[in-house]
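Structure file query08.pdb; described as PDB, C-alpha atoms (C1' of nucleotides).
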```
ATOM      1  CA  MET O   1      16.958 -21.789   8.392  1.00  0.00           C
ATOM      2  CA  SER O   2      17.676 -19.894   5.199  1.00  0.00           C
ATOM      3  CA  ILE O   3      19.576 -16.694   4.773  1.00  0.00           C
ATOM      4  CA  ASN O   4      16.280 -15.203   3.679  1.00  0.00           C
ATOM      5  CA  GLU O   5      14.714 -15.877   7.082  1.00  0.00           C
ATOM      6  CA  ALA O   6      17.805 -14.432   8.732  1.00  0.00           C
ATOM      7  CA  PHE O   7      17.629 -11.166   6.814  1.00  0.00           C
ATOM      8  CA  LYS O   8      13.907 -10.843   7.388  1.00  0.00           C
ATOM      9  CA  ALA O   9      14.458 -11.426  11.092  1.00  0.00           C
ATOM     10  CA  LEU O  10      17.251  -8.857  11.207  1.00  0.00           C
ATOM     11  CA  SER O  11      15.232  -6.208   9.395  1.00  0.00           C
ATOM     12  CA  ASP O  12      13.415  -5.247  12.596  1.00  0.00           C
ATOM     13  CA  PRO O  13      15.229  -2.958  15.090  1.00  0.00           C
ATOM     14  CA  THR O  14      13.578  -4.515  18.136  1.00  0.00           C
ATOM     15  CA  ARG O  15      14.793  -7.937  17.102  1.00  0.00           C
ATOM     16  CA  ARG O  16      18.333  -6.678  16.596  1.00  0.00           C
ATOM     17  CA  GLN O  17      18.162  -5.113  20.048  1.00  0.00           C
ATOM     18  CA  ILE O  18      17.055  -8.442  21.511  1.00  0.00           C
ATOM     19  CA  LEU O  19      20.092 -10.072  19.931  1.00  0.00           C
ATOM     20  CA  THR O  20      22.303  -7.359  21.389  1.00  0.00           C
ATOM     21  CA  LEU O  21      20.918  -8.073  24.848  1.00  0.00           C
ATOM     22  CA  LEU O  22      21.685 -11.745  24.398  1.00  0.00           C
ATOM     23  CA  LYS O  23      25.323 -11.006  23.567  1.00  0.00           C
ATOM     24  CA  GLU O  24      25.925 -10.486  27.281  1.00  0.00           C
ATOM     25  CA  ASP O  25      24.143 -13.521  28.603  1.00  0.00           C
ATOM     26  CA  GLU O  26      21.142 -15.765  28.172  1.00  0.00           C
ATOM     27  CA  LEU O  27      17.879 -14.230  29.346  1.00  0.00           C
ATOM     28  CA  THR O  28      14.328 -15.365  30.013  1.00  0.00           C
ATOM     29  CA  ALA O  29      11.479 -14.142  27.836  1.00  0.00           C
ATOM     30  CA  GLY O  30      10.301 -11.980  30.719  1.00  0.00           C
ATOM     31  CA  GLU O  31      13.700 -10.409  31.263  1.00  0.00           C
ATOM     32  CA  ILE O  32      13.916  -9.619  27.569  1.00  0.00           C
ATOM     33  CA  ALA O  33      10.435  -8.107  27.578  1.00  0.00           C
ATOM     34  CA  SER O  34      11.314  -5.877  30.535  1.00  0.00           C
ATOM     35  CA  HIS O  35      13.793  -4.031  28.303  1.00  0.00           C
ATOM     36  CA  PHE O  36      11.116  -2.892  25.864  1.00  0.00           C
ATOM     37  CA  ASP O  37       8.004  -0.763  25.859  1.00  0.00           C
ATOM     38  CA  ILE O  38       6.009  -3.304  23.908  1.00  0.00           C
ATOM     39  CA  GLN O  39       3.808  -5.984  25.433  1.00  0.00           C
ATOM     40  CA  LYS O  40       4.989  -9.492  26.181  1.00  0.00           C
ATOM     41  CA  PRO O  41       3.062 -11.184  23.365  1.00  0.00           C
ATOM     42  CA  SER O  42       4.816  -8.891  20.901  1.00  0.00           C
ATOM     43  CA  VAL O  43       8.197  -9.818  22.329  1.00  0.00           C
ATOM     44  CA  SER O  44       7.217 -13.459  22.188  1.00  0.00           C
ATOM     45  CA  HIS O  45       6.388 -12.999  18.525  1.00  0.00           C
ATOM     46  CA  HIS O  46       9.817 -11.483  17.877  1.00  0.00           C
ATOM     47  CA  LEU O  47      11.490 -14.351  19.723  1.00  0.00           C
ATOM     48  CA  LYS O  48       9.602 -16.807  17.557  1.00  0.00           C
ATOM     49  CA  ILE O  49      10.880 -15.143  14.401  1.00  0.00           C
ATOM     50  CA  LEU O  50      14.462 -15.076  15.703  1.00  0.00           C
ATOM     51  CA  LYS O  51      14.166 -18.724  16.646  1.00  0.00           C
ATOM     52  CA  HIS O  52      12.758 -19.635  13.256  1.00  0.00           C
ATOM     53  CA  ALA O  53      15.762 -17.933  11.678  1.00  0.00           C
ATOM     54  CA  SER O  54      18.074 -19.960  13.930  1.00  0.00           C
ATOM     55  CA  LEU O  55      19.501 -16.764  15.354  1.00  0.00           C
ATOM     56  CA  ILE O  56      18.638 -17.844  18.893  1.00  0.00           C
ATOM     57  CA  ASP O  57      18.086 -21.046  20.848  1.00  0.00           C
ATOM     58  CA  ASP O  58      15.590 -21.580  23.611  1.00  0.00           C
ATOM     59  CA  GLU O  59      15.543 -23.946  26.545  1.00  0.00           C
ATOM     60  CA  ARG O  60      12.850 -24.345  29.136  1.00  0.00           C
ATOM     61  CA  ARG O  61      14.076 -24.676  32.706  1.00  0.00           C
ATOM     62  CA  GLY O  62      11.096 -25.007  34.985  1.00  0.00           C
ATOM     63  CA  GLN O  63       8.779 -22.051  34.716  1.00  0.00           C
ATOM     64  CA  HIS O  64      11.183 -20.030  32.609  1.00  0.00           C
ATOM     65  CA  ILE O  65      12.307 -20.270  29.030  1.00  0.00           C
ATOM     66  CA  TYR O  66      15.876 -19.149  28.528  1.00  0.00           C
ATOM     67  CA  TYR O  67      16.943 -17.609  25.252  1.00  0.00           C
ATOM     68  CA  SER O  68      20.532 -17.481  24.021  1.00  0.00           C
ATOM     69  CA  LEU O  69      22.389 -16.545  20.859  1.00  0.00           C
ATOM     70  CA  ASN O  70      23.106 -19.110  18.187  1.00  0.00           C
ATOM     71  CA  THR O  71      26.172 -17.809  16.362  1.00  0.00           C
ATOM     72  CA  THR O  72      26.039 -20.146  13.371  1.00  0.00           C
ATOM     73  CA  VAL O  73      23.945 -17.927  11.150  1.00  0.00           C
ATOM     74  CA  PHE O  74      25.993 -14.854  12.017  1.00  0.00           C
ATOM     75  CA  HIS O  75      28.984 -16.652  10.547  1.00  0.00           C
ATOM     76  CA  GLU O  76      26.976 -17.439   7.433  1.00  0.00           C
ATOM     77  CA  LEU O  77      25.918 -13.811   7.130  1.00  0.00           C
ATOM     78  CA  MET O  78      29.512 -12.671   7.387  1.00  0.00           C
ATOM     79  CA  SER O  79      30.450 -15.049   4.605  1.00  0.00           C
ATOM     80  CA  TRP O  80      27.592 -13.779   2.498  1.00  0.00           C
ATOM     81  CA  CYS O  81      28.640 -10.165   3.002  1.00  0.00           C
ATOM     82  CA  PHE O  82      32.255 -10.991   2.340  1.00  0.00           C
ATOM     83  CA  THR O  83      31.510 -12.124  -1.196  1.00  0.00           C
ATOM     84  CA  PHE O  84      30.429  -8.570  -1.966  1.00  0.00           C
ATOM     85  CA  THR O  85      33.603  -6.971  -0.704  1.00  0.00           C
ATOM     86  CA  THR O  86      36.074  -8.482  -3.151  1.00  0.00           C
ATOM     87  CA  LYS O  87      36.300  -8.611  -6.898  1.00  0.00           C
ATOM     88  CA  GLU O  88      35.999 -12.177  -8.207  1.00  0.00           C
ATOM     89  CA  GLY O  89      33.851 -12.794  -5.173  1.00  0.00           C
ATOM     90  CA  LYS O  90      31.603 -15.318  -6.858  1.00  0.00           C
TER
ATOM     91  CA  MET Y   1      22.968   5.459   5.608  1.00  0.00           C
ATOM     92  CA  SER Y   2      22.193   3.548   8.789  1.00  0.00           C
ATOM     93  CA  ILE Y   3      22.539  -0.132   9.452  1.00  0.00           C
ATOM     94  CA  ASN Y   4      18.766  -0.147   9.847  1.00  0.00           C
ATOM     95  CA  GLU Y   5      18.278   0.961   6.242  1.00  0.00           C
ATOM     96  CA  ALA Y   6      20.791  -1.647   5.156  1.00  0.00           C
ATOM     97  CA  PHE Y   7      18.992  -4.506   6.870  1.00  0.00           C
ATOM     98  CA  LYS Y   8      15.621  -3.368   5.601  1.00  0.00           C
ATOM     99  CA  ALA Y   9      17.038  -3.191   2.097  1.00  0.00           C
ATOM    100  CA  LEU Y  10      18.567  -6.650   2.405  1.00  0.00           C
ATOM    101  CA  SER Y  11      15.361  -8.222   3.686  1.00  0.00           C
ATOM    102  CA  ASP Y  12      13.945  -8.508   0.173  1.00  0.00           C
ATOM    103  CA  PRO Y  13      15.123 -11.420  -2.021  1.00  0.00           C
ATOM    104  CA  THR Y  14      14.829  -9.464  -5.253  1.00  0.00           C
ATOM    105  CA  ARG Y  15      17.089  -6.746  -3.887  1.00  0.00           C
ATOM    106  CA  ARG Y  16      19.670  -9.296  -2.768  1.00  0.00           C
ATOM    107  CA  GLN Y  17      19.555 -10.797  -6.241  1.00  0.00           C
ATOM    108  CA  ILE Y  18      20.141  -7.377  -7.769  1.00  0.00           C
ATOM    109  CA  LEU Y  19      23.215  -6.999  -5.583  1.00  0.00           C
ATOM    110  CA  THR Y  20      24.410 -10.418  -6.693  1.00  0.00           C
ATOM    111  CA  LEU Y  21      24.093  -9.376 -10.339  1.00  0.00           C
ATOM    112  CA  LEU Y  22      26.145  -6.282  -9.609  1.00  0.00           C
ATOM    113  CA  LYS Y  23      28.980  -8.369  -8.144  1.00  0.00           C
ATOM    114  CA  GLU Y  24      29.996  -9.230 -11.685  1.00  0.00           C
ATOM    115  CA  ASP Y  25      29.837  -5.796 -13.214  1.00  0.00           C
ATOM    116  CA  GLU Y  26      27.960  -2.533 -13.266  1.00  0.00           C
ATOM    117  CA  LEU Y  27      24.627  -2.684 -15.096  1.00  0.00           C
ATOM    118  CA  THR Y  28      22.015  -0.273 -16.370  1.00  0.00           C
ATOM    119  CA  ALA Y  29      18.559  -0.180 -14.817  1.00  0.00           C
ATOM    120  CA  GLY Y  30      17.168  -1.812 -17.946  1.00  0.00           C
ATOM    121  CA  GLU Y  31      19.707  -4.624 -17.901  1.00  0.00           C
ATOM    122  CA  ILE Y  32      18.909  -5.295 -14.265  1.00  0.00           C
ATOM    123  CA  ALA Y  33      15.164  -5.296 -14.977  1.00  0.00           C
ATOM    124  CA  SER Y  34      15.642  -7.821 -17.786  1.00  0.00           C
ATOM    125  CA  HIS Y  35      16.721 -10.407 -15.212  1.00  0.00           C
ATOM    126  CA  PHE Y  36      13.398 -10.300 -13.376  1.00  0.00           C
ATOM    127  CA  ASP Y  37       9.751 -11.007 -14.027  1.00  0.00           C
ATOM    128  CA  ILE Y  38       8.619  -7.802 -12.394  1.00  0.00           C
ATOM    129  CA  GLN Y  39       7.959  -4.530 -14.202  1.00  0.00           C
ATOM    130  CA  LYS Y  40      10.551  -1.803 -14.571  1.00  0.00           C
ATOM    131  CA  PRO Y  41       8.964   0.614 -12.119  1.00  0.00           C
ATOM    132  CA  SER Y  42       9.194  -2.080  -9.450  1.00  0.00           C
ATOM    133  CA  VAL Y  43      12.876  -2.614 -10.189  1.00  0.00           C
ATOM    134  CA  SER Y  44      13.392   1.132 -10.096  1.00  0.00           C
ATOM    135  CA  HIS Y  45      11.781   1.150  -6.657  1.00  0.00           C
ATOM    136  CA  HIS Y  46      14.150  -1.555  -5.440  1.00  0.00           C
ATOM    137  CA  LEU Y  47      17.126   0.343  -6.834  1.00  0.00           C
ATOM    138  CA  LYS Y  48      16.000   3.445  -4.985  1.00  0.00           C
ATOM    139  CA  ILE Y  49      15.911   1.518  -1.706  1.00  0.00           C
ATOM    140  CA  LEU Y  50      19.341  -0.008  -2.305  1.00  0.00           C
ATOM    141  CA  LYS Y  51      20.706   3.422  -3.165  1.00  0.00           C
ATOM    142  CA  HIS Y  52      19.155   4.955  -0.053  1.00  0.00           C
ATOM    143  CA  ALA Y  53      20.882   2.253   2.001  1.00  0.00           C
ATOM    144  CA  SER Y  54      24.184   3.121   0.298  1.00  0.00           C
ATOM    145  CA  LEU Y  55      24.474  -0.428  -0.958  1.00  0.00           C
ATOM    146  CA  ILE Y  56      24.774   0.752  -4.551  1.00  0.00           C
ATOM    147  CA  ASP Y  57      25.922   3.824  -6.438  1.00  0.00           C
ATOM    148  CA  ASP Y  58      24.409   5.203  -9.605  1.00  0.00           C
ATOM    149  CA  GLU Y  59      25.829   7.264 -12.402  1.00  0.00           C
ATOM    150  CA  ARG Y  60      24.043   8.583 -15.435  1.00  0.00           C
ATOM    151  CA  ARG Y  61      25.942   8.265 -18.703  1.00  0.00           C
ATOM    152  CA  GLY Y  62      23.820   9.662 -21.474  1.00  0.00           C
ATOM    153  CA  GLN Y  63      20.527   7.869 -21.769  1.00  0.00           C
ATOM    154  CA  HIS Y  64      21.504   5.150 -19.329  1.00  0.00           C
ATOM    155  CA  ILE Y  65      21.940   5.067 -15.597  1.00  0.00           C
ATOM    156  CA  TYR Y  66      24.606   2.653 -14.472  1.00  0.00           C
ATOM    157  CA  TYR Y  67      24.356   0.952 -11.125  1.00  0.00           C
ATOM    158  CA  SER Y  68      27.294  -0.526  -9.244  1.00  0.00           C
ATOM    159  CA  LEU Y  69      28.020  -1.997  -5.813  1.00  0.00           C
ATOM    160  CA  ASN Y  70      29.173   0.186  -2.957  1.00  0.00           C
ATOM    161  CA  THR Y  71      31.074  -2.144  -0.651  1.00  0.00           C
ATOM    162  CA  THR Y  72      31.327   0.172   2.352  1.00  0.00           C
ATOM    163  CA  VAL Y  73      28.138  -0.963   4.054  1.00  0.00           C
ATOM    164  CA  PHE Y  74      28.951  -4.622   3.473  1.00  0.00           C
ATOM    165  CA  HIS Y  75      32.068  -4.089   5.543  1.00  0.00           C
ATOM    166  CA  GLU Y  76      29.991  -2.463   8.259  1.00  0.00           C
ATOM    167  CA  LEU Y  77      27.569  -5.373   8.214  1.00  0.00           C
ATOM    168  CA  MET Y  78      30.408  -7.851   8.584  1.00  0.00           C
ATOM    169  CA  SER Y  79      31.678  -5.910  11.588  1.00  0.00           C
ATOM    170  CA  TRP Y  80      28.204  -5.880  13.078  1.00  0.00           C
ATOM    171  CA  CYS Y  81      27.809  -9.636  12.640  1.00  0.00           C
ATOM    172  CA  PHE Y  82      31.272 -10.275  14.001  1.00  0.00           C
ATOM    173  CA  THR Y  83      30.378  -8.804  17.376  1.00  0.00           C
ATOM    174  CA  PHE Y  84      27.865 -11.619  17.789  1.00  0.00           C
ATOM    175  CA  THR Y  85      30.342 -14.380  17.065  1.00  0.00           C
ATOM    176  CA  THR Y  86      32.686 -13.853  19.986  1.00  0.00           C
ATOM    177  CA  LYS Y  87      32.223 -13.687  23.752  1.00  0.00           C
ATOM    178  CA  GLU Y  88      33.106 -10.249  25.129  1.00  0.00           C
ATOM    179  CA  GLY Y  89      31.951  -8.944  21.790  1.00  0.00           C
ATOM    180  CA  LYS Y  90      30.554  -5.694  23.163  1.00  0.00           C
TER
ATOM    181  C1'  DT P   1      -5.116 -30.020  43.456  1.00  0.00           C
ATOM    182  C1'  DA P   2      -5.990 -24.934  43.313  1.00  0.00           C
ATOM    183  C1'  DG P   3      -3.854 -20.805  42.521  1.00  0.00           C
ATOM    184  C1'  DA P   4       0.046 -18.090  40.988  1.00  0.00           C
ATOM    185  C1'  DT P   5       3.667 -17.166  37.613  1.00  0.00           C
ATOM    186  C1'  DA P   6       5.802 -17.371  32.944  1.00  0.00           C
ATOM    187  C1'  DT P   7       5.052 -17.634  28.345  1.00  0.00           C
ATOM    188  C1'  DT P   8       2.680 -18.518  24.057  1.00  0.00           C
ATOM    189  C1'  DT P   9      -1.287 -18.686  20.857  1.00  0.00           C
ATOM    190  C1'  DA P  10      -5.273 -16.628  18.604  1.00  0.00           C
ATOM    191  C1'  DG P  11      -7.465 -13.118  16.378  1.00  0.00           C
ATOM    192  C1'  DA P  12      -8.092  -8.178  15.245  1.00  0.00           C
ATOM    193  C1'  DC P  13      -6.259  -3.889  13.420  1.00  0.00           C
ATOM    194  C1'  DA P  14      -3.276  -0.258  11.521  1.00  0.00           C
ATOM    195  C1'  DT P  15       0.959   0.482   9.052  1.00  0.00           C
ATOM    196  C1'  DT P  16       4.361  -0.795   5.789  1.00  0.00           C
ATOM    197  C1'  DT P  17       5.707  -2.845   1.616  1.00  0.00           C
ATOM    198  C1'  DA P  18       5.972  -4.827  -3.135  1.00  0.00           C
ATOM    199  C1'  DT P  19       3.715  -4.618  -7.125  1.00  0.00           C
ATOM    200  C1'  DC P  20       1.092  -2.674 -10.963  1.00  0.00           C
ATOM    201  C1'  DT P  21      -0.416   0.881 -14.736  1.00  0.00           C
ATOM    202  C1'  DA P  22      -0.169   5.456 -16.424  1.00  0.00           C
ATOM    203  C1'  DA P  23       2.203   9.618 -16.808  1.00  0.00           C
ATOM    204  C1'  DA P  24       6.338  12.568 -16.368  1.00  0.00           C
ATOM    205  C1'  DT P  25      11.329  13.416 -17.022  1.00  0.00           C
ATOM    206  C1'  DT P  26      15.783  13.134 -19.241  1.00  0.00           C
ATOM    207  C1'  DT P  27      18.714  12.403 -23.000  1.00  0.00           C
ATOM    208  C1'  DC P  28      19.861  11.154 -27.658  1.00  0.00           C
ATOM    209  C1'  DT P  29      19.304  11.408 -32.691  1.00  0.00           C
ATOM    210  C1'  DA P  30      17.337  12.010 -37.308  1.00  0.00           C
TER
ATOM    211  C1'  DT W   1      13.081  20.345 -32.804  1.00  0.00           C
ATOM    212  C1'  DA W   2      10.072  16.130 -32.900  1.00  0.00           C
ATOM    213  C1'  DG W   3      10.123  11.552 -31.714  1.00  0.00           C
ATOM    214  C1'  DA W   4      12.117   7.516 -29.588  1.00  0.00           C
ATOM    215  C1'  DA W   5      14.377   5.213 -25.760  1.00  0.00           C
ATOM    216  C1'  DA W   6      15.579   4.768 -20.774  1.00  0.00           C
ATOM    217  C1'  DT W   7      14.217   5.559 -16.399  1.00  0.00           C
ATOM    218  C1'  DT W   8      11.664   7.496 -12.606  1.00  0.00           C
ATOM    219  C1'  DT W   9       7.578   9.358 -10.222  1.00  0.00           C
ATOM    220  C1'  DA W  10       2.736   9.142  -8.841  1.00  0.00           C
ATOM    221  C1'  DG W  11      -1.029   6.914  -7.201  1.00  0.00           C
ATOM    222  C1'  DA W  12      -3.703   2.620  -6.385  1.00  0.00           C
ATOM    223  C1'  DT W  13      -4.046  -1.985  -4.350  1.00  0.00           C
ATOM    224  C1'  DA W  14      -3.239  -6.412  -2.155  1.00  0.00           C
ATOM    225  C1'  DA W  15      -0.263  -8.840   0.950  1.00  0.00           C
ATOM    226  C1'  DA W  16       2.885  -8.870   4.807  1.00  0.00           C
ATOM    227  C1'  DT W  17       4.127  -7.169   9.303  1.00  0.00           C
ATOM    228  C1'  DG W  18       4.189  -5.384  14.159  1.00  0.00           C
ATOM    229  C1'  DT W  19       1.331  -4.452  17.798  1.00  0.00           C
ATOM    230  C1'  DC W  20      -2.501  -5.069  20.900  1.00  0.00           C
ATOM    231  C1'  DT W  21      -5.959  -7.617  24.175  1.00  0.00           C
ATOM    232  C1'  DA W  22      -7.870 -11.856  25.658  1.00  0.00           C
ATOM    233  C1'  DA W  23      -7.441 -16.586  26.276  1.00  0.00           C
ATOM    234  C1'  DA W  24      -4.788 -20.891  26.484  1.00  0.00           C
ATOM    235  C1'  DT W  25      -0.807 -23.721  28.041  1.00  0.00           C
ATOM    236  C1'  DA W  26       2.870 -25.181  31.096  1.00  0.00           C
ATOM    237  C1'  DT W  27       5.137 -25.321  35.437  1.00  0.00           C
ATOM    238  C1'  DC W  28       5.760 -24.583  40.290  1.00  0.00           C
ATOM    239  C1'  DT W  29       4.224 -24.503  45.143  1.00  0.00           C
ATOM    240  C1'  DA W  30       1.311 -24.267  49.252  1.00  0.00           C
TER
END
```

Mind converting the file's structure to structure tokens?
Amino acid sequence: MSINEAFKALSDPTRRQILTLLKEDELTAGEIASHFDIQKPSVSHHLKILKHASLIDDERRGQHIYYSLNTTVFHELMSWCFTFTTKEGK
Amino acid sequence: MSINEAFKALSDPTRRQILTLLKEDELTAGEIASHFDIQKPSVSHHLKILKHASLIDDERRGQHIYYSLNTTVFHELMSWCFTFTTKEGK
DNA sequence: TAGATATTTAGACATTTATCTAAATTTCTA
DNA sequence: TAGAAATTTAGATAAATGTCTAAATATCTA
């Protein structure tokens, strides 16, 4: 929701790597987990935090839950950063 | 140095507020501390983390140490975010 | 409906982090 | 050069965080 949740979510390297995976295509929780050396409940926890920060969306289709990027907050983060790159950037 | 350090630095609200203060003008450590309810050693700790992430520069002038924004990493962060906002954004 | 598969929730544990107080360092000035 | 002012460093502590295993939930299929 807030930019605070977004930055907290992005402060973990595993979560940023999950986002990078989702740049290519939507993936199921299991497919995401298969890319990491940590256990599935840990990945699930990361997905929950990313979801809470509105950085990803999820959608259940049958047995699987598909995760995909939500680009809205990335735009907001760019705007936030931009205000630091120019004088008079109030 | 790395984008990892930058995101970890930005994950704390106090540190983001320090950066916001520095948008206006450079400030001494003491002036920065006066804007917060936390003790000076805590502010000094935050400044150290921001410095380590190359988000700020410091310069001693006599008794005071002046802190100012370093915009380089903000540009890098914008680029990083941008890759998530477009398809084919590899 | 019973069992298999996909995923999350719950609870424990070790590490990291933000804060504090006290002490050390650096620089200025009387 | 002694003392004051600005800031950091050191060490302690409580809270937050990432990970794990075990159990629960949801869905599909034979």

Practice prompt. Identify all residues satisfying the PyMOL selection byres ((chain Y) within 9 of (chain W)) in the given file; provide them as a PyMOL selection string.
Written response: chain Y and resi 29-30+40-41+44-45+63-65

* Do a neighbour search on Thr28 in chain Y at 12 Å with all atoms listed in the file, toss out local chain neighbours closer than 4 positions, and write the hits as a ChimeraX atom specification. => /Y:18,21-22,32-35,40,43-44,47,57-68 /W:6-7

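Evaluated on this file, the PyMOL selection byres ((chain Y and resi 73) around 8) matches Ile3, Ala6, Ser54, Leu55, Asn70, Thr71, Thr72, Phe74, His75, Glu76 and Leu77 of chain Y.
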
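Interface residues of chain P facing chain O, defined by any atom at most 10 Å away and using all atoms listed in the file, are DT5, DA6, DT7, DT8 and DT9 of chain P.
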
Just write the chosen residues, C-alpha atoms (C1' of nucleotides), as a PDB file, in the frame of the given file.
```pdb
ATOM      1  C1'  DT P   5       3.667 -17.166  37.613  1.00  0.00           C
ATOM      2  C1'  DA P   6       5.802 -17.371  32.944  1.00  0.00           C
ATOM      3  C1'  DT P   7       5.052 -17.634  28.345  1.00  0.00           C
ATOM      4  C1'  DT P   8       2.680 -18.518  24.057  1.00  0.00           C
ATOM      5  C1'  DT P   9      -1.287 -18.686  20.857  1.00  0.00           C
TER       6       DT P   9
END
```

Per residue of chain O within 9 Å of chain Y, which atom pair is closest and at what distance in Å (one decimal), using all atoms listed in the file, listed by chain and increasing number, as a tab-separated table?
```
residue	atom	partner	partner_atom	distance
O:Asn4	CA	Y:Pro13	CA	6.9
O:Glu5	CA	Y:Ser11	CA	8.4
O:Ala6	CA	Y:Ser11	CA	8.4
O:Phe7	CA	Y:Ser11	CA	4.9
O:Lys8	CA	Y:Ser11	CA	4.8
O:Ala9	CA	Y:Ser11	CA	8.1
O:Leu10	CA	Y:Phe7	CA	6.4
O:Ser11	CA	Y:Lys8	CA	4.8
O:Asp12	CA	Y:Lys8	CA	7.6
O:Pro13	CA	Y:Asn4	CA	6.9
O:Leu19	CA	Y:Phe84	CA	8.2
O:Thr20	CA	Y:Phe84	CA	7.9
O:Lys23	CA	Y:Phe84	CA	6.3
O:Glu24	CA	Y:Glu88	CA	7.5
O:Leu69	CA	Y:Phe84	CA	8.0
O:Asn70	CA	Y:Thr85	CA	8.7
O:Thr71	CA	Y:Thr85	CA	5.4
O:Thr72	CA	Y:Thr85	CA	8.1
O:Phe74	CA	Y:Cys81	CA	5.6
O:His75	CA	Y:Thr85	CA	7.0
O:Leu77	CA	Y:Cys81	CA	7.2
O:Met78	CA	Y:Met78	CA	5.0
O:Ser79	CA	Y:Met78	CA	8.2
O:Trp80	CA	Y:Met78	CA	9.0
O:Cys81	CA	Y:Phe74	CA	5.6
O:Phe82	CA	Y:Met78	CA	7.2
O:Thr83	CA	Y:Lys23	CA	8.3
O:Phe84	CA	Y:Lys23	CA	6.3
O:Thr85	CA	Y:Thr71	CA	5.4
O:Thr86	CA	Y:Thr71	CA	8.5
O:Lys87	CA	Y:Lys23	CA	7.4
O:Glu88	CA	Y:Glu24	CA	7.5
O:Gly89	CA	Y:Lys23	CA	7.2
O:Lys90	CA	Y:Lys23	CA	7.5
```

Output file for the residues above (C-alpha atoms, as a compact mmCIF listing (two decimals), in the frame of the given file):
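File out.txt, as written:
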```txt
# COMPACT_ATOMS: atom_id res chain seq x y z
CA ASN O 4 16.28 -15.20 3.68
CA GLU O 5 14.71 -15.88 7.08
CA ALA O 6 17.80 -14.43 8.73
CA PHE O 7 17.63 -11.17 6.81
CA LYS O 8 13.91 -10.84 7.39
CA ALA O 9 14.46 -11.43 11.09
CA LEU O 10 17.25 -8.86 11.21
CA SER O 11 15.23 -6.21 9.40
CA ASP O 12 13.42 -5.25 12.60
CA PRO O 13 15.23 -2.96 15.09
CA LEU O 19 20.09 -10.07 19.93
CA THR O 20 22.30 -7.36 21.39
CA LYS O 23 25.32 -11.01 23.57
CA GLU O 24 25.92 -10.49 27.28
CA LEU O 69 22.39 -16.55 20.86
CA ASN O 70 23.11 -19.11 18.19
CA THR O 71 26.17 -17.81 16.36
CA THR O 72 26.04 -20.15 13.37
CA PHE O 74 25.99 -14.85 12.02
CA HIS O 75 28.98 -16.65 10.55
CA LEU O 77 25.92 -13.81 7.13
CA MET O 78 29.51 -12.67 7.39
CA SER O 79 30.45 -15.05 4.61
CA TRP O 80 27.59 -13.78 2.50
CA CYS O 81 28.64 -10.16 3.00
CA PHE O 82 32.26 -10.99 2.34
CA THR O 83 31.51 -12.12 -1.20
CA PHE O 84 30.43 -8.57 -1.97
CA THR O 85 33.60 -6.97 -0.70
CA THR O 86 36.07 -8.48 -3.15
CA LYS O 87 36.30 -8.61 -6.90
CA GLU O 88 36.00 -12.18 -8.21
CA GLY O 89 33.85 -12.79 -5.17
CA LYS O 90 31.60 -15.32 -6.86
```

re CA of Phe36 in chain O and C1' of DA10 in chain P: distance 22.6 Å

From CA of Arg15 in chain O to CA of Ser2 in chain Y the spacing works out at 16.0 Å

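Taking CA of Gln17 in chain O as the reference point, C1' of DA14 in chain P is found at 23.6 Å.
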
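With only C-alpha atoms (C1' of nucleotides) as the atoms that count, the residue of Y:Glu26, Y:Glu31, Y:Asp37, Y:His46 with the shortest distance to DA18 in chain P is Y:His46.
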
Kindly add N, CA and C atoms to the incomplete range 4-13 of chain O and provide the output as a compact mmCIF listing (two decimals), keeping the file's coordinate frame.
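Contents of out_28.txt, as written:
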```
# COMPACT_ATOMS: atom_id res chain seq x y z
N ASN O 4 17.43 -16.09 3.85
CA ASN O 4 16.28 -15.20 3.68
C ASN O 4 15.57 -14.97 5.01
N GLU O 5 15.35 -16.03 5.76
CA GLU O 5 14.71 -15.88 7.08
C GLU O 5 15.58 -15.02 7.99
N ALA O 6 16.89 -15.21 7.89
CA ALA O 6 17.80 -14.43 8.73
C ALA O 6 17.68 -12.95 8.43
N PHE O 7 17.71 -12.59 7.16
CA PHE O 7 17.63 -11.17 6.81
C PHE O 7 16.27 -10.58 7.18
N LYS O 8 15.22 -11.36 6.99
CA LYS O 8 13.91 -10.84 7.39
C LYS O 8 13.86 -10.63 8.89
N ALA O 9 14.44 -11.56 9.63
CA ALA O 9 14.46 -11.43 11.09
C ALA O 9 15.27 -10.20 11.51
N LEU O 10 16.36 -9.96 10.83
CA LEU O 10 17.25 -8.86 11.21
C LEU O 10 16.75 -7.50 10.73
N SER O 11 15.71 -7.49 9.93
CA SER O 11 15.23 -6.21 9.40
C SER O 11 14.45 -5.39 10.42
N ASP O 12 14.15 -5.99 11.56
CA ASP O 12 13.42 -5.25 12.60
C ASP O 12 14.34 -4.80 13.73
N PRO O 13 14.32 -3.50 14.08
CA PRO O 13 15.23 -2.96 15.09
C PRO O 13 15.05 -3.59 16.47
```
